[in-house]
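A.B. asks: So I've got this file, coords-v9.cif, and it contains mmCIF, C-alpha atoms (C1' of nucleotides):
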data_upload
#
loop_
_atom_site.label_atom_id
_atom_site.label_comp_id
_atom_site.auth_asym_id
_atom_site.auth_seq_id
_atom_site.Cartn_x
_atom_site.Cartn_y
_atom_site.Cartn_z
CA MET A 941 -15.64 -9.23 12.77
CA PRO A 942 -17.82 -6.51 11.18
CA ARG A 943 -16.43 -3.32 9.65
CA ASP A 944 -17.52 -1.20 12.62
CA PHE A 945 -15.27 -3.22 14.90
CA PHE A 946 -12.20 -1.96 13.05
CA CYS A 947 -13.31 1.66 12.57
CA ARG A 948 -12.27 2.78 16.06
CA ASP A 949 -9.18 4.44 17.45
CA PRO A 950 -6.09 2.21 17.33
CA VAL A 951 -5.71 1.95 21.13
CA THR A 952 -9.25 0.64 21.60
CA LEU A 953 -8.84 -1.69 18.64
CA ALA A 954 -5.48 -2.98 19.89
CA VAL A 955 -7.08 -3.96 23.20
CA ASP A 956 -10.21 -5.45 21.66
CA LEU A 957 -8.27 -7.53 19.16
CA LEU A 958 -6.77 -9.43 22.10
CA GLY A 959 -8.62 -12.74 22.46
CA LYS A 960 -9.96 -12.75 18.88
CA LEU A 961 -9.15 -15.66 16.58
CA LEU A 962 -7.08 -14.86 13.50
CA VAL A 963 -8.00 -17.33 10.76
CA HIS A 964 -6.34 -17.94 7.41
CA GLU A 965 -7.91 -20.33 4.94
CA SER A 966 -5.17 -20.81 2.35
CA PRO A 967 -4.76 -23.32 -0.49
CA GLU A 968 -2.36 -25.23 1.76
CA GLY A 969 -4.88 -25.50 4.56
CA ARG A 970 -6.47 -23.71 7.46
CA THR A 971 -4.48 -22.17 10.29
CA SER A 972 -5.65 -20.05 13.21
CA GLY A 973 -4.54 -18.57 16.51
CA ILE A 974 -5.74 -16.41 19.36
CA VAL A 975 -4.34 -12.85 19.31
CA VAL A 976 -2.37 -12.38 22.53
CA GLU A 977 -0.16 -9.36 21.75
CA THR A 978 -0.71 -6.15 19.76
CA GLU A 979 0.71 -2.65 19.33
CA ALA A 980 -1.14 0.57 18.43
CA TYR A 981 0.33 3.02 15.91
CA LEU A 982 -1.36 6.38 16.11
CA GLY A 983 -0.65 7.88 12.70
CA ARG A 984 0.26 11.51 11.98
CA GLU A 985 1.11 12.43 15.57
CA ASP A 986 3.13 9.29 16.31
CA ARG A 987 6.81 9.37 15.45
CA ALA A 988 6.96 5.57 15.44
CA SER A 989 4.14 5.34 12.89
CA HIS A 990 4.73 5.04 9.16
CA GLY A 991 2.08 7.70 8.75
CA TYR A 992 3.98 10.19 10.91
CA GLY A 993 3.51 13.72 9.62
CA GLY A 994 1.21 12.43 6.89
CA ARG A 995 3.96 10.52 5.12
CA ARG A 996 2.48 8.61 2.21
CA THR A 997 4.04 6.30 -0.39
CA PRO A 998 2.48 3.88 -2.91
CA ARG A 999 3.29 0.92 -0.71
CA MET A 1000 1.43 2.54 2.21
CA GLU A 1001 -1.83 3.19 0.38
CA PRO A 1002 -3.81 0.60 2.37
CA LEU A 1003 -2.88 2.44 5.56
CA TYR A 1004 -4.86 5.43 4.30
CA GLY A 1005 -7.71 3.29 3.01
CA PRO A 1006 -10.84 1.83 4.66
CA CYS A 1007 -10.46 0.39 8.15
CA GLY A 1008 -10.53 -3.36 8.45
CA ARG A 1009 -8.00 -4.01 5.71
CA ALA A 1010 -4.50 -5.43 6.07
CA TYR A 1011 -1.42 -3.26 5.90
CA VAL A 1012 1.49 -5.62 5.32
CA TYR A 1013 4.99 -4.33 4.97
CA VAL A 1014 8.39 -6.01 4.98
CA VAL A 1015 11.08 -5.23 7.50
CA HIS A 1016 14.31 -7.14 7.98
CA GLY A 1017 13.17 -9.36 5.15
CA ARG A 1018 9.96 -10.40 6.92
CA PRO A 1019 6.34 -9.35 6.36
CA LEU A 1020 4.48 -7.87 9.33
CA LEU A 1021 0.67 -7.87 9.62
CA ASN A 1022 -1.13 -4.69 10.60
CA VAL A 1023 -4.86 -4.03 10.81
CA VAL A 1024 -5.95 -0.60 9.55
CA ALA A 1025 -7.87 1.22 12.30
CA GLY A 1026 -10.03 4.35 12.45
CA PRO A 1027 -10.95 7.08 12.06
CA PRO A 1028 -11.38 6.42 8.31
CA GLY A 1029 -8.68 8.07 6.22
CA GLU A 1030 -6.21 8.41 9.07
CA PRO A 1031 -3.00 6.32 8.85
CA THR A 1032 -3.62 4.46 12.12
CA ALA A 1033 -3.03 0.75 12.58
CA VAL A 1034 -2.60 -2.13 14.98
CA LEU A 1035 0.38 -4.48 14.64
CA ILE A 1036 -0.33 -8.13 15.44
CA ARG A 1037 2.70 -9.32 17.42
CA ALA A 1038 1.83 -12.79 18.73
CA LEU A 1039 -0.74 -15.57 18.54
CA GLU A 1040 -1.56 -18.61 20.62
CA PRO A 1041 -1.67 -21.33 17.91
CA ARG A 1042 -4.99 -23.16 17.57
CA GLU A 1043 -5.61 -24.88 14.22
CA GLY A 1044 -3.14 -26.18 11.65
CA ILE A 1045 -0.19 -26.67 13.98
CA GLU A 1046 1.47 -29.10 11.56
CA LEU A 1047 1.18 -26.69 8.65
CA MET A 1048 2.52 -23.86 10.78
CA ALA A 1049 5.52 -25.95 11.82
CA ARG A 1050 6.22 -26.86 8.20
CA ARG A 1051 6.07 -23.24 7.06
CA ARG A 1052 8.32 -22.20 9.94
CA GLY A 1053 10.77 -25.02 9.43
CA VAL A 1054 10.65 -26.12 13.06
CA ARG A 1055 9.70 -29.34 14.84
CA VAL A 1056 6.95 -29.33 17.45
CA GLU A 1057 7.61 -32.23 19.79
CA ARG A 1058 6.45 -30.86 23.12
CA ALA A 1059 4.08 -28.18 24.34
CA SER A 1060 6.87 -25.66 24.86
CA ASP A 1061 7.75 -25.85 21.14
CA LEU A 1062 4.46 -24.15 20.24
CA LYS A 1063 6.06 -20.84 21.19
CA LYS A 1064 8.32 -21.13 18.16
CA LEU A 1065 5.37 -20.84 15.79
CA CYS A 1066 3.64 -17.47 16.31
CA SER A 1067 5.42 -15.63 19.15
CA GLY A 1068 6.70 -12.65 17.19
CA PRO A 1069 5.30 -10.50 14.36
CA GLY A 1070 7.55 -12.01 11.68
CA ARG A 1071 7.05 -15.53 12.98
CA LEU A 1072 3.27 -15.44 12.91
CA THR A 1073 3.09 -14.19 9.34
CA GLN A 1074 5.34 -17.03 8.25
CA ALA A 1075 3.34 -19.61 10.21
CA MET A 1076 0.01 -18.28 8.91
CA GLY A 1077 1.16 -18.02 5.29
CA ILE A 1078 0.81 -14.23 5.19
CA THR A 1079 2.99 -12.46 2.62
CA ARG A 1080 3.28 -8.97 1.18
CA GLU A 1081 0.73 -10.15 -1.38
CA HIS A 1082 -1.80 -9.65 1.41
CA ASN A 1083 -1.15 -5.92 1.59
CA GLY A 1084 -4.55 -4.24 1.23
CA VAL A 1085 -6.76 -7.33 1.50
CA ASP A 1086 -10.06 -6.94 3.35
CA LEU A 1087 -10.14 -8.64 6.74
CA VAL A 1088 -13.91 -8.30 7.27
CA GLU A 1089 -14.74 -11.12 4.90
CA GLY A 1090 -12.46 -13.49 3.04
CA PRO A 1091 -9.87 -16.14 3.72
CA LEU A 1092 -7.93 -13.95 6.19
CA ARG A 1093 -10.17 -12.67 8.98
CA PHE A 1094 -10.80 -12.27 12.68
CA GLU A 1095 -13.51 -14.18 14.57
CA ASP A 1096 -14.97 -13.83 18.05
CA VAL A 1097 -14.75 -17.26 19.66
CA GLY A 1098 -15.59 -16.15 23.19
CA TYR A 1099 -12.04 -16.18 24.48
CA GLU A 1100 -12.07 -14.33 27.77
CA VAL A 1101 -9.21 -11.88 28.37
CA ARG A 1102 -8.98 -11.45 32.13
CA GLU A 1103 -6.24 -8.86 32.34
CA VAL A 1104 -4.35 -6.74 29.81
CA VAL A 1105 -0.76 -5.56 30.33
CA ARG A 1106 0.40 -2.22 28.84
CA ARG A 1107 4.05 -1.66 27.99
CA PRO A 1108 6.14 0.52 25.64
CA ARG A 1109 6.38 -0.76 22.07
CA VAL A 1110 9.21 -2.96 20.87
CA GLY A 1111 11.95 -1.79 18.53
CA VAL A 1112 10.96 1.85 18.09
CA ASP A 1113 13.77 3.55 20.02
CA TYR A 1114 14.27 6.00 17.16
CA ALA A 1115 10.87 7.53 17.96
CA GLY A 1116 12.12 9.62 20.89
CA GLU A 1117 9.38 10.44 23.41
CA ASP A 1118 6.85 8.40 21.48
CA ALA A 1119 8.94 5.28 22.10
CA LEU A 1120 8.10 5.59 25.79
CA ARG A 1121 4.33 5.62 25.32
CA PRO A 1122 2.68 2.39 26.59
CA LEU A 1123 1.08 1.28 23.31
CA ARG A 1124 1.95 -2.41 23.42
CA PHE A 1125 -0.76 -4.66 24.84
CA TYR A 1126 -0.72 -8.31 25.77
CA VAL A 1127 -2.78 -10.90 27.60
CA ALA A 1128 -1.47 -11.14 31.16
CA GLY A 1129 0.06 -14.50 31.86
CA SER A 1130 0.06 -15.74 28.26
CA ARG A 1131 3.16 -17.77 27.53
CA PHE A 1132 2.77 -17.08 23.80
CA VAL A 1133 3.72 -13.41 24.06
CA SER A 1134 6.99 -12.49 22.30
CA ARG A 1135 9.87 -11.90 24.70
CA ARG A 1136 12.19 -8.88 24.98
"C1'" DT B 894 21.19 2.87 -10.70
"C1'" DG B 895 22.99 3.01 -5.97
"C1'" DT B 896 22.71 3.02 -0.95
"C1'" DG B 897 21.13 2.75 3.92
"C1'" DC B 898 18.18 0.92 7.06
"C1'" DG B 899 14.76 -1.20 9.97
"C1'" DA B 900 7.50 -2.10 13.84
"C1'" DT B 901 12.99 -9.10 13.27
"C1'" DG B 902 14.78 -13.68 14.13
"C1'" DT B 903 18.34 -16.81 15.09
"C1'" DC B 904 22.44 -18.45 16.64
"C1'" DC B 905 26.28 -18.07 19.69
"C1'" DT B 906 28.59 -17.26 24.19
"C1'" DG C 9 23.02 -10.13 26.06
"C1'" DG C 10 25.22 -9.39 21.55
"C1'" DA C 11 26.45 -10.15 16.61
"C1'" DC C 12 24.72 -10.64 12.03
"C1'" DA C 13 21.87 -12.44 8.18
"C1'" DT C 14 18.53 -10.35 5.29
"C1'" DC C 15 15.85 -7.77 1.53
"C1'" DG C 16 12.40 -4.67 -0.09
"C1'" DC C 17 11.63 0.05 0.18
"C1'" DA C 18 12.35 4.98 0.08
"C1'" DC C 19 15.10 8.35 -1.23
"C1'" DA C 20 19.30 10.15 -3.08
"C1'" DT C 21 22.17 10.43 -7.21
#
Please re-express this file's structure in structure tokens.
C.D. replies:
Amino acid sequence: MPRDFFCRDPVTLAVDLLGKLLVHESPEGRTSGIVVETEAYLGREDRASHGYGGRRTPRMEPLYGPCGRAYVYVVHGRPLLNVVAGPPGEPTAVLIRALEPREGIELMARRRGVRVERASDLKKLCSGPGRLTQAMGITREHNGVDLVEGPLRFEDVGYEVREVVRRPRVGVDYAGEDALRPLRFYVAGSRFVSRR
DNA sequence: TGTGCGATGTCCT
DNA sequence: GGACATCGCACAT
């Protein structure tokens, strides 16, 4: 996707990322999946956002950088993939929470350490923000990489999203009122959405 | 140099 | 539905 696609407010971007194909061409092989669940983080005004109140640390630099780059940070020992949104310079981002696996199922299963023997096992691969990074081979080394061009990128493959569901975000209870805001988005009816 | 804590996942009941 | 493993940060000493 072109730079302009990412340089929009995080809510719009979170919705429009649904249905796009996330591709990673790594030395181990190619993996990809359709984005089916996202969350918007609104930056300075959003208590759940790392950028709340303009907070800024060396690790967070990509969050303040150009839109369309990755902001990867580790929580509970697992890397999470965020896409830096607009407007440029604001610490806004979209968290990728779940994918519908498409290419490289075997490689994903190997990275995840699970066996895929029936269709229902596919949910174990990318249904969760920490799961999908592991399956796709995304590590904290990807913090700051450009997603417009390069081995890790989003592509429009014509996937039609019929209906989008809005819900409060997951795991941000500490954020008070902001925890109640419906900033989690997922494809209605997708069985690859993370539970909870 | 030390300490606390998650934008989680998994296993167990 | 609940316990806990986990580990890199951020911030306090």
A.B. asks: Please enumerate the residues selected by the PyMOL selection byres ((chain C and resi 10-20) around 6) when evaluated against the supplied file, formatted as number ranges by chain.
C.D. replies: A: 1016-1017; C: 9, 21
A.B. asks: Can you list every residue of chain B that has an atom at most 12 Å from chain A, with its nearest atom pair and the distance in Å to one decimal, using all atoms listed in the file, ordered by chain then number, as a Markdown table?
C.D. replies:
| residue | atom | partner | partner_atom | distance |
| --- | --- | --- | --- | --- |
| B:DC898 | C1' | A:His1016 | CA | 9.0 |
| B:DG899 | C1' | A:Val1015 | CA | 6.0 |
| B:DA900 | C1' | A:Gly1111 | CA | 6.5 |
| B:DT901 | C1' | A:His1016 | CA | 5.8 |
| B:DG902 | C1' | A:Gly1070 | CA | 7.8 |
| B:DT903 | C1' | A:Lys1064 | CA | 11.3 |
A.B. asks: If we count only C-alpha atoms (C1' of nucleotides), what is near Pro1041 (chain A) at a cut-off of 7 Å, once residues fewer than 5 positions away on the same chain are taken out, given as a count of residues only?
C.D. replies: 4
A.B. asks: For the atom pair CA of Cys947 (chain A) and CA of Tyr1011 (chain A), what is the interatomic distance in Å to one decimal place?
C.D. replies: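 So the answer is 14.5 Å.
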A.B. asks: How many Å separate CA of Arg943 (chain A) from CA of Phe1094 (chain A)?
C.D. replies: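 Going from CA of Arg943 (chain A) over to CA of Phe1094 (chain A), I get 11.0 Å.
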A.B. asks: Would you be able to write out as a ChimeraX atom specification which residues have an atom within 7 Å of (-5.5, -13.1, 27.4) in the file's coordinates, counting all atoms listed in the file?
C.D. replies: /A:958-959,976,1100-1104,1126-1128,1130
A.B. asks: Which residue out of A:Gly1026, A:Pro967, A:Pro998, A:Pro1031 has the minimum interatomic distance to chain C when only C-alpha atoms (C1' of nucleotides) are used?
C.D. replies: A:Pro998
A.B. asks: Neighbourhood query: residues within 7 Å of (-0.3, -8.6, 3.1), file coordinates, counting all atoms listed in the file; return as an MDAnalysis selection string.
C.D. replies: chainID A and resid 1010:1012 1021 1078:1085
A.B. asks: Check the smallest atom-to-atom distance from each of A:Val1034, A:Met1048, A:Ala1115, A:Met1000 to chain C using all atoms listed in the file, then report the winner.
C.D. replies: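 Closest residue, counting all atoms listed in the file: A:Met1000.
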A.B. asks: I'd like to see the residues matched by the PyMOL selection byres ((chain A and resi 965) around 10) on this file, and ideally I'd get them as a short mmCIF file (atom, residue, chain, number, x, y, z; two decimals) with C-alpha atoms, in the coordinates of the input.
C.D. replies:
data_model
loop_
_atom_site.label_atom_id
_atom_site.label_comp_id
_atom_site.auth_asym_id
_atom_site.auth_seq_id
_atom_site.Cartn_x
_atom_site.Cartn_y
_atom_site.Cartn_z
CA VAL A 963 -8.00 -17.33 10.76
CA HIS A 964 -6.34 -17.94 7.41
CA SER A 966 -5.17 -20.81 2.35
CA PRO A 967 -4.76 -23.32 -0.49
CA GLU A 968 -2.36 -25.23 1.76
CA GLY A 969 -4.88 -25.50 4.56
CA ARG A 970 -6.47 -23.71 7.46
CA THR A 971 -4.48 -22.17 10.29
CA SER A 972 -5.65 -20.05 13.21
CA MET A 1076 0.01 -18.28 8.91
CA GLY A 1077 1.16 -18.02 5.29
CA GLY A 1090 -12.46 -13.49 3.04
CA PRO A 1091 -9.87 -16.14 3.72
CA LEU A 1092 -7.93 -13.95 6.19
CA ARG A 1093 -10.17 -12.67 8.98
#
A.B. asks: Measure the distance from CA of Arg1107 (chain A) to CA of Phe1125 (chain A) in Å and round it to one decimal.
C.D. replies: 6.5 Å
A.B. asks: Taking into account only C-alpha atoms (C1' of nucleotides), which residue in the set A:Arg1058, A:Arg1051, A:Arg996, A:Arg987 is nearest to chain C?
C.D. replies: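 Checking each of A:Arg1058, A:Arg1051, A:Arg996, A:Arg987 against chain C, counting only C-alpha atoms (C1' of nucleotides), the winner is A:Arg996.
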A.B. asks: Which of these, A:Arg1050, A:Arg999, A:Arg1055, A:Lys1063, has the shortest distance to chain C once you count all atoms listed in the file?
C.D. replies: A:Arg999
